[in-house]
file structure-v4.pdb (PDB, C-alpha atoms)
ATOM      1  CA  MET S   1      -4.510 -44.811  21.099
ATOM      2  CA  MET S   2      -1.608 -44.301  23.482
ATOM      3  CA  GLY S   3      -4.066 -44.201  26.360
ATOM      4  CA  LEU S   4      -5.622 -47.480  25.270
ATOM      5  CA  VAL S   5      -2.236 -49.195  25.026
ATOM      6  CA  ALA S   6      -1.341 -47.883  28.485
ATOM      7  CA  LEU S   7      -4.640 -49.176  29.868
ATOM      8  CA  LEU S   8      -4.115 -52.595  28.265
ATOM      9  CA  LEU S   9      -0.598 -52.863  29.693
ATOM     10  CA  ALA S  10      -1.918 -51.977  33.132
ATOM     11  CA  ALA S  11      -4.808 -54.442  32.813
ATOM     12  CA  LEU S  12      -2.481 -57.256  31.742
ATOM     13  CA  LEU S  13      -0.161 -56.620  34.669
ATOM     14  CA  GLY S  14      -3.148 -56.510  37.012
ATOM     15  CA  TYR S  15      -4.558 -59.732  35.574
ATOM     16  CA  CYS S  16      -1.278 -61.545  36.247
ATOM     17  CA  GLY S  17      -1.220 -60.029  39.735
ATOM     18  CA  VAL S  18      -4.725 -61.273  40.488
ATOM     19  CA  ARG S  19      -3.911 -64.749  39.159
ATOM     20  CA  LEU S  20      -0.823 -64.840  41.354
ATOM     21  CA  GLY S  21      -2.615 -63.521  44.399
ATOM     22  CA  LEU S  22      -5.636 -65.777  44.343
ATOM     23  CA  PRO S  23      -5.339 -69.457  45.154
ATOM     24  CA  CYS S  24      -5.868 -71.755  42.216
ATOM     25  CA  ASP S  25      -8.364 -74.498  42.836
ATOM     26  CA  GLY S  26      -9.468 -77.291  40.575
ATOM     27  CA  THR S  27     -12.984 -75.960  40.086
ATOM     28  CA  ARG S  28     -12.519 -73.145  37.629
ATOM     29  CA  SER S  29     -15.718 -71.797  36.247
ATOM     30  CA  PRO S  30     -15.782 -70.371  32.710
ATOM     31  CA  TRP S  31     -16.552 -67.033  34.412
ATOM     32  CA  THR S  32     -13.335 -67.030  36.424
ATOM     33  CA  PRO S  33     -11.172 -65.292  33.762
ATOM     34  CA  LEU S  34     -13.802 -62.533  33.515
ATOM     35  CA  LEU S  35     -13.714 -62.031  37.279
ATOM     36  CA  HIS S  36      -9.918 -62.024  37.252
ATOM     37  CA  ALA S  37      -9.841 -59.550  34.356
ATOM     38  CA  SER S  38     -12.263 -57.156  36.035
ATOM     39  CA  LEU S  39     -10.264 -57.252  39.262
ATOM     40  CA  GLY S  40      -7.051 -56.989  37.274
ATOM     41  CA  ILE S  41      -8.014 -53.705  35.604
ATOM     42  CA  GLY S  42      -8.304 -52.028  38.989
ATOM     43  CA  LEU S  43      -5.199 -53.657  40.410
ATOM     44  CA  GLY S  44      -3.146 -52.907  37.290
ATOM     45  CA  ALA S  45      -4.244 -49.267  37.168
ATOM     46  CA  GLY S  46      -3.300 -48.889  40.831
ATOM     47  CA  LEU S  47       0.070 -50.626  40.472
ATOM     48  CA  THR S  48       1.101 -48.678  37.383
ATOM     49  CA  ALA S  49      -0.100 -45.396  38.929
ATOM     50  CA  CYS S  50       2.099 -46.064  42.000
ATOM     51  CA  LEU S  51       5.038 -46.960  39.773
ATOM     52  CA  TYR S  52       4.565 -43.812  37.681
ATOM     53  CA  PHE S  53       4.386 -41.659  40.804
ATOM     54  CA  LEU S  54       7.598 -43.153  42.217
ATOM     55  CA  LEU S  55       9.426 -42.612  38.922
ATOM     56  CA  LEU S  56       8.094 -39.054  38.717
ATOM     57  CA  ALA S  57       9.106 -38.222  42.277
ATOM     58  CA  GLY S  58      12.508 -39.784  41.550
ATOM     59  CA  GLY S  59      12.920 -37.507  38.533
ATOM     60  CA  VAL S  60      13.229 -40.311  35.980
ATOM     61  CA  ALA S  61       9.723 -40.437  34.520
ATOM     62  CA  ASN S  62      10.280 -40.514  30.787
ATOM     63  CA  LEU S  63       8.670 -42.808  28.244
ATOM     64  CA  SER S  64      11.495 -45.326  27.931
ATOM     65  CA  VAL S  65      11.942 -45.712  31.700
ATOM     66  CA  ILE S  66       8.192 -46.009  32.353
ATOM     67  CA  VAL S  67       7.640 -48.566  29.596
ATOM     68  CA  GLY S  68      10.841 -50.414  30.522
ATOM     69  CA  CYS S  69       9.852 -50.758  34.193
ATOM     70  CA  GLU S  70       6.336 -51.850  33.288
ATOM     71  CA  LEU S  71       7.604 -54.443  30.830
ATOM     72  CA  VAL S  72      10.046 -55.826  33.399
ATOM     73  CA  ALA S  73       7.203 -56.078  35.937
ATOM     74  CA  GLN S  74       5.011 -57.688  33.288
ATOM     75  CA  CYS S  75       7.671 -60.253  32.352
ATOM     76  CA  ALA S  76       8.345 -61.058  36.006
ATOM     77  CA  ALA S  77       4.649 -61.538  36.742
ATOM     78  CA  GLY S  78       4.218 -63.672  33.623
ATOM     79  CA  ALA S  79       7.219 -65.831  34.512
ATOM     80  CA  LEU S  80       5.956 -66.368  38.064
ATOM     81  CA  LEU S  81       2.556 -67.315  36.713
ATOM     82  CA  LEU S  82       4.032 -69.852  34.288
ATOM     83  CA  ARG S  83       6.246 -71.268  37.023
ATOM     84  CA  ARG S  84       3.319 -71.715  39.364
ATOM     85  CA  ARG S  85       1.291 -73.310  36.589
ATOM     86  CA  SER S  86       3.984 -75.828  35.759
ATOM     87  CA  ALA S  87       4.619 -76.535  39.456
ATOM     88  CA  SER S  88       0.982 -77.290  40.261
ATOM     89  CA  PRO S  89       0.189 -81.006  40.562
ATOM     90  CA  PRO S  90      -1.209 -82.423  37.321
ATOM     91  CA  GLY S  91      -3.989 -83.950  38.676
ATOM     92  CA  GLY S  92      -6.428 -86.104  40.237
ATOM     93  CA  SER S  93      -9.998 -85.872  39.298
ATOM     94  CA  PRO S  94     -11.288 -82.323  39.105
ATOM     95  CA  ALA S  95     -14.051 -81.453  41.491
ATOM     96  CA  ALA S  96     -17.520 -81.333  40.059
ATOM     97  CA  LEU S  97     -18.741 -77.891  38.984
ATOM     98  CA  LEU S  98     -22.058 -76.837  40.368
ATOM     99  CA  SER S  99     -24.029 -74.748  37.933
ATOM    100  CA  PHE S 100     -27.083 -72.574  38.624
ATOM    101  CA  SER S 101     -29.589 -73.182  35.838
ATOM    102  CA  TRP S 102     -30.449 -69.457  35.599
ATOM    103  CA  ASN S 103     -26.908 -68.259  35.110
ATOM    104  CA  TRP S 104     -27.874 -67.043  31.633
ATOM    105  CA  LEU S 105     -30.146 -64.459  33.272
ATOM    106  CA  MET S 106     -27.246 -63.172  35.369
ATOM    107  CA  ALA S 107     -25.088 -62.972  32.245
ATOM    108  CA  LEU S 108     -27.810 -61.087  30.387
ATOM    109  CA  GLY S 109     -28.190 -58.659  33.278
ATOM    110  CA  LEU S 110     -24.448 -58.097  33.436
ATOM    111  CA  ALA S 111     -24.252 -57.475  29.685
ATOM    112  CA  ALA S 112     -27.162 -55.011  29.819
ATOM    113  CA  MET S 113     -25.612 -53.091  32.716
ATOM    114  CA  LEU S 114     -22.228 -52.962  31.005
ATOM    115  CA  ALA S 115     -23.886 -51.646  27.840
ATOM    116  CA  LEU S 116     -25.725 -48.954  29.833
ATOM    117  CA  LEU S 117     -22.522 -47.985  31.616
ATOM    118  CA  LEU S 118     -20.526 -47.688  28.394
ATOM    119  CA  VAL S 119     -23.203 -45.741  26.524
ATOM    120  CA  GLY S 120     -23.802 -43.464  29.525
ATOM    121  CA  PHE S 121     -20.087 -42.815  29.997
ATOM    122  CA  ALA S 122     -19.605 -42.014  26.314
ATOM    123  CA  ASN S 123     -22.600 -39.628  26.259
ATOM    124  CA  THR S 124     -21.674 -37.823  29.450
ATOM    125  CA  SER S 125     -18.028 -37.499  28.404
ATOM    126  CA  GLU S 126     -19.041 -36.039  25.078
ATOM    127  CA  LEU S 127     -21.426 -33.535  26.650
ATOM    128  CA  ASN S 128     -19.035 -32.550  29.452
ATOM    129  CA  PRO S 129     -15.491 -33.391  28.376
ATOM    130  CA  GLN S 130     -13.961 -31.629  31.389
ATOM    131  CA  GLY S 131     -16.197 -33.491  33.833
ATOM    132  CA  GLY S 132     -17.913 -32.122  36.895
ATOM    133  CA  TRP S 133     -16.603 -29.934  39.711
ATOM    134  CA  ASP S 134     -14.530 -32.635  41.382
ATOM    135  CA  ALA S 135     -12.937 -33.544  38.044
ATOM    136  CA  PHE S 136     -11.550 -30.097  37.235
ATOM    137  CA  ALA S 137     -11.043 -28.954  40.831
ATOM    138  CA  ILE S 138      -9.465 -32.113  42.235
ATOM    139  CA  TRP S 139      -8.657 -35.206  40.193
ATOM    140  CA  ASN S 140      -7.816 -33.942  36.706
ATOM    141  CA  LEU S 141      -6.146 -30.845  38.116
ATOM    142  CA  ARG S 142      -3.837 -33.006  40.230
ATOM    143  CA  ALA S 143      -3.218 -35.216  37.205
ATOM    144  CA  ARG S 144      -1.987 -32.129  35.339
ATOM    145  CA  PHE S 145       0.382 -31.291  38.192
ATOM    146  CA  LEU S 146       1.713 -34.849  37.957
ATOM    147  CA  ILE S 147       2.871 -34.350  34.376
ATOM    148  CA  HIS S 148       6.263 -32.884  35.283
ATOM    149  CA  THR S 149       8.996 -33.827  37.712
ATOM    150  CA  GLU S 150       9.179 -30.156  38.733
ATOM    151  CA  THR S 151       5.469 -29.743  39.455
ATOM    152  CA  TRP S 152       4.329 -33.063  40.961
ATOM    153  CA  ASN S 153       4.658 -31.684  44.484
ATOM    154  CA  TYR S 154       1.845 -29.189  43.767
ATOM    155  CA  ALA S 155      -0.493 -32.194  43.815
ATOM    156  CA  VAL S 156       0.391 -33.120  47.383
ATOM    157  CA  THR S 157       0.943 -29.774  49.099
ATOM    158  CA  ALA S 158      -1.625 -27.576  50.809
ATOM    159  CA  LEU S 159      -0.946 -24.626  48.505
ATOM    160  CA  PRO S 160      -3.705 -25.074  45.926
ATOM    161  CA  VAL S 161      -6.535 -24.203  48.300
ATOM    162  CA  GLY S 162      -9.760 -26.108  47.730
ATOM    163  CA  THR S 163      -8.278 -28.968  45.739
ATOM    164  CA  HIS S 164      -8.403 -31.362  48.688
ATOM    165  CA  THR S 165      -4.765 -32.331  48.544
ATOM    166  CA  GLU S 166      -5.385 -34.331  51.717
ATOM    167  CA  TYR S 167      -7.182 -36.865  49.528
ATOM    168  CA  PRO S 168      -5.083 -39.792  48.303
ATOM    169  CA  LEU S 169      -3.874 -39.502  44.721
ATOM    170  CA  LEU S 170      -5.766 -42.647  43.650
ATOM    171  CA  LEU S 171      -6.035 -42.706  39.878
ATOM    172  CA  SER S 172      -4.706 -39.193  39.199
ATOM    173  CA  PRO S 173      -1.228 -40.551  38.281
ATOM    174  CA  SER S 174      -2.843 -42.902  35.743
ATOM    175  CA  LEU S 175      -3.908 -39.970  33.590
ATOM    176  CA  PRO S 176      -0.487 -38.421  32.899
ATOM    177  CA  ARG S 177       0.953 -41.952  32.626
ATOM    178  CA  SER S 178      -1.234 -42.597  29.597
ATOM    179  CA  SER S 179      -1.022 -39.012  28.381
ATOM    180  CA  SER S 180      -0.301 -38.142  24.765
ATOM    181  CA  ARG S 181       2.653 -36.039  25.922
ATOM    182  CA  TRP S 182       4.745 -39.215  25.932
ATOM    183  CA  HIS S 183       4.506 -39.265  22.139
ATOM    184  CA  SER S 184       7.160 -36.572  21.987
TER     185      SER S 184
ATOM    186  CA  MET V   1     -10.210 -83.463  31.430
ATOM    187  CA  PRO V   2     -13.067 -80.981  31.814
ATOM    188  CA  SER V   3     -14.957 -80.993  35.077
ATOM    189  CA  PRO V   4     -18.306 -82.731  35.026
ATOM    190  CA  LYS V   5     -21.059 -80.169  35.175
ATOM    191  CA  GLN V   6     -23.986 -80.645  37.505
ATOM    192  CA  THR V   7     -27.015 -78.439  37.416
ATOM    193  CA  VAL V   8     -28.433 -77.603  40.795
ATOM    194  CA  GLY V   9     -32.149 -77.198  41.173
ATOM    195  CA  TYR V  10     -33.440 -74.560  43.570
ATOM    196  CA  PRO V  11     -36.984 -73.982  44.797
ATOM    197  CA  PHE V  12     -39.162 -71.775  42.631
ATOM    198  CA  TRP V  13     -39.453 -69.006  45.233
ATOM    199  CA  LEU V  14     -35.645 -68.639  45.277
ATOM    200  CA  THR V  15     -35.331 -68.568  41.499
ATOM    201  CA  ALA V  16     -38.184 -66.069  41.239
ATOM    202  CA  GLY V  17     -36.606 -63.915  43.965
ATOM    203  CA  ILE V  18     -33.257 -63.845  42.188
ATOM    204  CA  GLY V  19     -35.001 -63.017  38.914
ATOM    205  CA  GLY V  20     -36.817 -60.164  40.666
ATOM    206  CA  VAL V  21     -33.571 -58.772  42.044
ATOM    207  CA  VAL V  22     -31.975 -58.918  38.583
ATOM    208  CA  LEU V  23     -34.931 -57.068  37.045
ATOM    209  CA  LEU V  24     -34.930 -54.438  39.791
ATOM    210  CA  ALA V  25     -31.195 -53.914  39.351
ATOM    211  CA  LEU V  26     -31.674 -53.501  35.600
ATOM    212  CA  PHE V  27     -34.529 -51.057  36.131
ATOM    213  CA  THR V  28     -32.415 -49.011  38.563
ATOM    214  CA  ALA V  29     -29.483 -48.997  36.135
ATOM    215  CA  LEU V  30     -31.782 -47.739  33.380
ATOM    216  CA  GLN V  31     -33.174 -44.998  35.638
ATOM    217  CA  SER V  32     -29.668 -44.023  36.670
ATOM    218  CA  TYR V  33     -28.596 -43.829  33.026
ATOM    219  CA  ARG V  34     -31.609 -41.668  32.154
ATOM    220  CA  SER V  35     -31.107 -39.220  35.000
ATOM    221  CA  ALA V  36     -27.340 -38.931  34.371
ATOM    222  CA  ASP V  37     -27.968 -38.304  30.686
ATOM    223  CA  ALA V  38     -30.679 -35.706  31.389
ATOM    224  CA  TYR V  39     -28.427 -33.920  33.894
ATOM    225  CA  ALA V  40     -25.483 -33.889  31.478
ATOM    226  CA  ARG V  41     -27.677 -32.458  28.704
ATOM    227  CA  ALA V  42     -29.208 -29.811  30.975
ATOM    228  CA  TYR V  43     -25.901 -28.651  32.483
ATOM    229  CA  GLN V  44     -23.237 -28.693  29.804
ATOM    230  CA  ASP V  45     -20.107 -27.101  31.212
ATOM    231  CA  PRO V  46     -21.969 -24.886  33.730
ATOM    232  CA  TYR V  47     -18.715 -23.374  35.051
ATOM    233  CA  MET V  48     -17.326 -22.552  31.583
ATOM    234  CA  ILE V  49     -14.220 -24.667  32.150
ATOM    235  CA  GLN V  50     -14.043 -25.569  28.474
ATOM    236  CA  ALA V  51     -13.805 -21.878  27.527
ATOM    237  CA  GLN V  52     -10.827 -21.010  29.740
ATOM    238  CA  PRO V  53      -7.946 -22.324  27.567
ATOM    239  CA  GLU V  54      -9.126 -20.087  24.718
ATOM    240  CA  ARG V  55      -9.478 -17.059  27.051
ATOM    241  CA  LEU V  56      -5.946 -17.624  28.293
ATOM    242  CA  ARG V  57      -4.365 -18.642  24.993
ATOM    243  CA  GLU V  58      -2.378 -15.387  24.574
ATOM    244  CA  ALA V  59      -1.566 -14.902  28.248
ATOM    245  CA  VAL V  60      -0.043 -18.382  28.556
ATOM    246  CA  ARG V  61       2.798 -17.366  26.232
ATOM    247  CA  TYR V  62       4.000 -14.800  28.763
ATOM    248  CA  LEU V  63       4.014 -17.165  31.743
ATOM    249  CA  PRO V  64       6.869 -19.453  32.797
ATOM    250  CA  GLY V  65       5.972 -23.115  32.226
ATOM    251  CA  LYS V  66       6.096 -24.538  35.748
ATOM    252  CA  ALA V  67       5.909 -21.482  37.990
ATOM    253  CA  VAL V  68       3.705 -20.560  40.927
ATOM    254  CA  ILE V  69       1.480 -17.715  39.809
ATOM    255  CA  GLY V  70      -0.678 -15.251  41.732
ATOM    256  CA  TYR V  71      -4.307 -14.476  41.096
ATOM    257  CA  LEU V  72      -6.361 -11.295  41.229
ATOM    258  CA  SER V  73     -10.091 -11.075  40.686
ATOM    259  CA  ASP V  74     -13.114  -8.981  41.514
ATOM    260  CA  LEU V  75     -15.044 -12.154  42.408
ATOM    261  CA  PRO V  76     -14.821 -13.185  46.080
ATOM    262  CA  PHE V  77     -13.640 -16.703  46.914
ATOM    263  CA  ASP V  78     -16.423 -17.315  49.412
ATOM    264  CA  ALA V  79     -19.029 -17.712  46.652
ATOM    265  CA  VAL V  80     -19.336 -20.338  43.917
ATOM    266  CA  PRO V  81     -18.723 -17.911  40.975
ATOM    267  CA  GLY V  82     -15.422 -16.780  42.501
ATOM    268  CA  GLN V  83     -14.317 -20.320  43.273
ATOM    269  CA  SER V  84     -15.269 -21.692  39.861
ATOM    270  CA  ALA V  85     -13.537 -18.761  38.122
ATOM    271  CA  HIS V  86     -10.361 -19.478  40.084
ATOM    272  CA  PHE V  87     -10.497 -23.224  39.450
ATOM    273  CA  GLY V  88     -11.117 -22.579  35.739
ATOM    274  CA  ILE V  89      -7.949 -20.476  35.518
ATOM    275  CA  MET V  90      -5.958 -22.931  37.646
ATOM    276  CA  TYR V  91      -7.087 -25.876  35.505
ATOM    277  CA  ALA V  92      -6.294 -24.112  32.240
ATOM    278  CA  LEU V  93      -2.846 -22.978  33.404
ATOM    279  CA  ALA V  94      -1.799 -26.278  35.056
ATOM    280  CA  PRO V  95       0.817 -27.624  35.627
ATOM    281  CA  ARG V  96       1.540 -24.071  36.753
ATOM    282  CA  LEU V  97       0.132 -23.506  40.212
ATOM    283  CA  VAL V  98      -2.221 -20.547  40.568
ATOM    284  CA  THR V  99      -2.565 -19.500  44.203
ATOM    285  CA  ARG V 100      -5.270 -17.265  45.639
ATOM    286  CA  SER V 101      -2.867 -14.498  46.547
ATOM    287  CA  ALA V 102      -1.931 -11.444  44.487
ATOM    288  CA  ASP V 103       0.776 -10.380  46.901
ATOM    289  CA  SER V 104       3.540 -12.945  46.822
ATOM    290  CA  HIS V 105       4.431 -13.985  43.282
ATOM    291  CA  GLU V 106       6.198 -12.332  40.370
ATOM    292  CA  TRP V 107       3.487 -13.077  37.833
ATOM    293  CA  VAL V 108      -0.177 -12.533  38.627
ATOM    294  CA  VAL V 109      -3.134 -13.410  36.408
ATOM    295  CA  GLY V 110      -6.121 -11.110  36.609
ATOM    296  CA  ASN V 111      -9.535 -12.616  35.965
ATOM    297  CA  PHE V 112     -12.309 -10.022  36.061
ATOM    298  CA  SER V 113     -16.041 -10.324  35.601
ATOM    299  CA  HIS V 114     -16.504  -6.742  34.392
ATOM    300  CA  PRO V 115     -14.339  -3.906  33.061
ATOM    301  CA  LEU V 116     -12.606  -1.737  35.633
ATOM    302  CA  ASP V 117      -9.364   0.175  36.082
ATOM    303  CA  TYR V 118      -7.077  -2.871  35.948
ATOM    304  CA  ALA V 119      -3.908  -0.823  36.420
ATOM    305  CA  ALA V 120      -5.259   0.614  39.661
ATOM    306  CA  ALA V 121      -6.403  -2.834  40.819
ATOM    307  CA  GLY V 122      -2.888  -4.169  40.250
ATOM    308  CA  SER V 123      -1.227  -1.147  41.765
ATOM    309  CA  ALA V 124      -2.964  -1.827  45.069
ATOM    310  CA  HIS V 125      -0.913  -5.046  45.203
ATOM    311  CA  HIS V 126       2.329  -3.472  43.893
ATOM    312  CA  LEU V 127       1.802  -4.931  40.445
ATOM    313  CA  ASP V 128       2.403  -3.433  37.016
ATOM    314  CA  LEU V 129      -0.048  -4.180  34.272
ATOM    315  CA  VAL V 130       1.773  -6.128  31.558
ATOM    316  CA  LYS V 131      -1.091  -6.636  29.121
ATOM    317  CA  ASP V 132      -4.861  -6.587  28.937
ATOM    318  CA  PHE V 133      -5.852  -9.564  26.750
ATOM    319  CA  GLY V 134      -9.544  -8.672  26.737
ATOM    320  CA  ASN V 135     -12.440 -10.771  27.961
ATOM    321  CA  GLY V 136     -11.453 -10.049  31.566
ATOM    322  CA  ILE V 137      -7.973 -11.578  31.375
ATOM    323  CA  VAL V 138      -5.130  -9.310  32.465
ATOM    324  CA  LEU V 139      -1.500 -10.093  33.202
ATOM    325  CA  PHE V 140       0.420  -8.321  35.961
ATOM    326  CA  ARG V 141       4.042  -8.468  37.058
ATOM    327  CA  ARG V 142       5.421  -7.531  40.442
ATOM    328  CA  ARG V 143       7.190  -4.187  40.593
ATOM    329  CA  SER V 144      10.912  -4.479  41.069
ATOM    330  CA  GLN V 145      11.888  -3.082  44.475
TER     331      GLN V 145
END

call {"tool": "encode", "arguments": {"input": "structure-v4.pdb", "output": "structure tokens"}}
result
Amino acid sequence: MMGLVALLLAALLGYCGVRLGLPCDGTRSPWTPLLHASLGIGLGAGLTACLYFLLLAGGVANLSVIVGCELVAQCAAGALLLRRRSASPPGGSPAALLSFSWNWLMALGLAAMLALLLVGFANTSELNPQGGWDAFAIWNLRARFLIHTETWNYAVTALPVGTHTEYPLLLSPSLPRSSSRWHS
Amino acid sequence: MPSPKQTVGYPFWLTAGIGGVVLLALFTALQSYRSADAYARAYQDPYMIQAQPERLREAVRYLPGKAVIGYLSDLPFDAVPGQSAHFGIMYALAPRLVTRSADSHEWVVGNFSHPLDYAAAGSAHHLDLVKDFGNGIVLFRRRSQ
């Protein structure tokens, strides 16, 4: 549950970031929010992972500080978005939307692929909860090092041989960020 | 005011081509799902990673929470069994860091594939045997100078 809330917070922040970063034109398709949301999940996970890592390295990564910083960032992004919305000119005539008559087929294909992805991910995770070699030897292992202020440096030093610490951290900080340890 | 919607007509060959690409992509996704599922069913936890926390359950109580810990094993690191055994222990003991050396840390975890004289194995690295937890897990501590 905690992980889901953390993911939603990250996705919301990322969504606002995408909306702020992309130019707004008058020809918004009904699919635009979906595109923004899918981009926003990645952007939000990356932003919150960076924030978590900075707080951890600074020795202040506890639940209240993490949530506080994320909420401040969320409020700031939301306020900027509202400001830009109210500042945009009201009008003129919106440009005509061009629609491909077979868009329904694309939507069906997308839905089928998403369903396959979700079912496949759930099955594989259930059968192999610890993941494959790279999961336990690299990414999840480094995520475990990133749980504590005193051990985060293990994830970025050459000492754990074979764990490819030369790789970027990528999403490893996202895992301890949404970890159940913050319940305590 | 909502934008006026115009439907664009494309030639049949283009529509059919796009439809073909969509079907091929769906077929590939289905094949990918099937092969990933078959692989996951055939190789469930092949490196026994899931079993390591239970093997180490008792030993963990003796180890400091965030320390760097040594490692001693009869399995060489240059082969997959030795590497996977080491990663399994490292993963289960994280956020402690388990190095590959038995010679430089106060606490050393022994992970052995078969019974042997553990005290003698530790002694070769100036280690005292603290406890044999069974199932190949042994805890050593560096001799005070």

call {"tool": "closest_atom_pairs", "arguments": {"input": "structure-v4.pdb", "of": "chain S", "to": "chain V", "cutoff": "8 Å", "atoms": "all atoms listed in the file", "output": "tab-separated table"}}
result
residue	atom	partner	partner_atom	distance
S:Thr27	CA	V:Ser3	CA	7.4
S:Pro94	CA	V:Ser3	CA	5.6
S:Ala95	CA	V:Ser3	CA	6.5
S:Ala96	CA	V:Pro4	CA	5.3
S:Leu97	CA	V:Lys5	CA	5.0
S:Leu98	CA	V:Gln6	CA	5.1
S:Ser99	CA	V:Thr7	CA	4.8
S:Phe100	CA	V:Val8	CA	5.6
S:Ser101	CA	V:Thr7	CA	6.1
S:Trp102	CA	V:Thr15	CA	7.7
S:Leu105	CA	V:Gly19	CA	7.6
S:Met106	CA	V:Val22	CA	7.1
S:Gly109	CA	V:Val22	CA	6.5
S:Ala112	CA	V:Leu26	CA	7.5
S:Met113	CA	V:Ala29	CA	6.6
S:Leu116	CA	V:Tyr33	CA	6.7
S:Leu117	CA	V:Tyr33	CA	7.5
S:Gly120	CA	V:Tyr33	CA	5.9
S:Asn123	CA	V:Asp37	CA	7.1
S:Thr124	CA	V:Ala40	CA	5.8
S:Leu127	CA	V:Gln44	CA	6.1
S:Asn128	CA	V:Gln44	CA	5.7
S:Pro129	CA	V:Gln50	CA	8.0
S:Gln130	CA	V:Gln50	CA	6.7
S:Gly131	CA	V:Asp45	CA	7.9
S:Gly132	CA	V:Asp45	CA	7.9
S:Phe136	CA	V:Tyr91	CA	6.4
S:Ala137	CA	V:Phe87	CA	5.9
S:Leu141	CA	V:Tyr91	CA	5.7
S:Arg144	CA	V:Pro95	CA	5.3
S:Phe145	CA	V:Pro95	CA	4.5
S:Leu146	CA	V:Pro95	CA	7.6
S:Ile147	CA	V:Pro95	CA	7.1
S:His148	CA	V:Pro95	CA	7.6
S:Glu150	CA	V:Lys66	CA	7.1
S:Thr151	CA	V:Pro95	CA	6.4
S:Tyr154	CA	V:Leu97	CA	6.9
S:Leu159	CA	V:Thr99	CA	6.9
S:Pro160	CA	V:Thr99	CA	5.9
S:Val161	CA	V:Thr99	CA	7.4

call {"tool": "write_last_selection", "arguments": {"input": "structure-v4.pdb", "atoms": "C-alpha atoms", "output": "tab-separated table (two decimals), keeping the file's coordinate frame"}}
result
chain	number	residue	atom	x	y	z
S	27	THR	CA	-12.98	-75.96	40.09
S	94	PRO	CA	-11.29	-82.32	39.10
S	95	ALA	CA	-14.05	-81.45	41.49
S	96	ALA	CA	-17.52	-81.33	40.06
S	97	LEU	CA	-18.74	-77.89	38.98
S	98	LEU	CA	-22.06	-76.84	40.37
S	99	SER	CA	-24.03	-74.75	37.93
S	100	PHE	CA	-27.08	-72.57	38.62
S	101	SER	CA	-29.59	-73.18	35.84
S	102	TRP	CA	-30.45	-69.46	35.60
S	105	LEU	CA	-30.15	-64.46	33.27
S	106	MET	CA	-27.25	-63.17	35.37
S	109	GLY	CA	-28.19	-58.66	33.28
S	112	ALA	CA	-27.16	-55.01	29.82
S	113	MET	CA	-25.61	-53.09	32.72
S	116	LEU	CA	-25.72	-48.95	29.83
S	117	LEU	CA	-22.52	-47.98	31.62
S	120	GLY	CA	-23.80	-43.46	29.52
S	123	ASN	CA	-22.60	-39.63	26.26
S	124	THR	CA	-21.67	-37.82	29.45
S	127	LEU	CA	-21.43	-33.53	26.65
S	128	ASN	CA	-19.04	-32.55	29.45
S	129	PRO	CA	-15.49	-33.39	28.38
S	130	GLN	CA	-13.96	-31.63	31.39
S	131	GLY	CA	-16.20	-33.49	33.83
S	132	GLY	CA	-17.91	-32.12	36.90
S	136	PHE	CA	-11.55	-30.10	37.24
S	137	ALA	CA	-11.04	-28.95	40.83
S	141	LEU	CA	-6.15	-30.84	38.12
S	144	ARG	CA	-1.99	-32.13	35.34
S	145	PHE	CA	0.38	-31.29	38.19
S	146	LEU	CA	1.71	-34.85	37.96
S	147	ILE	CA	2.87	-34.35	34.38
S	148	HIS	CA	6.26	-32.88	35.28
S	150	GLU	CA	9.18	-30.16	38.73
S	151	THR	CA	5.47	-29.74	39.46
S	154	TYR	CA	1.84	-29.19	43.77
S	159	LEU	CA	-0.95	-24.63	48.50
S	160	PRO	CA	-3.70	-25.07	45.93
S	161	VAL	CA	-6.54	-24.20	48.30

call {"tool": "residues_around", "arguments": {"input": "structure-v4.pdb", "residues": "Gly17 (chain S)", "least_positions_apart": "5", "cutoff": "9 Å", "atoms": "only C-alpha atoms", "output": "list in words"}}
result
Leu12, Leu22, Gly40, Leu43, Gly44, Ala77, Gly78 and Leu81 of chain S

call {"tool": "closest_residue", "arguments": {"input": "structure-v4.pdb", "among": "S:Leu7, S:Ala73, S:Ala135, S:Val156", "to": "Ala57 (chain S)", "atoms": "only C-alpha atoms"}}
result
S:Val156

call {"tool": "resolve_selection", "arguments": {"input": "structure-v4.pdb", "expression": "the PyMOL selection byres ((chain S and resi 174-177) around 12)", "output": "ChimeraX atom specification"}}
result
/S:2-7,9-10,41-56,61-63,65-67,70,135,139-149,152,169-173,178-183 /V:95

call {"tool": "resolve_selection", "arguments": {"input": "structure-v4.pdb", "expression": "the PyMOL selection byres ((chain V and resi 129) around 12)", "output": "list in words"}}
result
Leu72, Glu106, Trp107, Val108, Val109, Gly110, Asp117, Tyr118, Ala119, Ala120, Ala121, Gly122, Ser123, Ala124, His125, His126, Leu127, Asp128, Val130, Lys131, Asp132, Phe133, Ile137, Val138, Leu139, Phe140, Arg141, Arg142 and Arg143 of chain V

call {"tool": "atom_distance", "arguments": {"input": "structure-v4.pdb", "atom1": "CA of Leu13 (chain S)", "atom2": "CA of Gly68 (chain S)"}}
result
13.3 Å

call {"tool": "resolve_selection", "arguments": {"input": "structure-v4.pdb", "expression": "the PyMOL selection byres ((chain V and resi 113) around 7)", "output": "PyMOL selection string"}}
result
chain V and resi 74+111-112+114+136

call {"tool": "atom_distance", "arguments": {"input": "structure-v4.pdb", "atom1": "CA of Ala76 (chain S)", "atom2": "CA of Leu8 (chain S)"}}
result
16.9 Å

call {"tool": "atom_distance", "arguments": {"input": "structure-v4.pdb", "atom1": "CA of Asn103 (chain S)", "atom2": "CA of Val119 (chain S)"}}
result
24.4 Å

call {"tool": "axis_aligned_box", "arguments": {"input": "structure-v4.pdb", "around": "region 20-23 of chain S", "padding_each_side": "4 Å", "output": "AutoDock Vina command-line options"}}
result
--center_x -3.2 --center_y -66.5 --center_z 43.3 --size_x 12.8 --size_y 13.9 --size_z 11.8
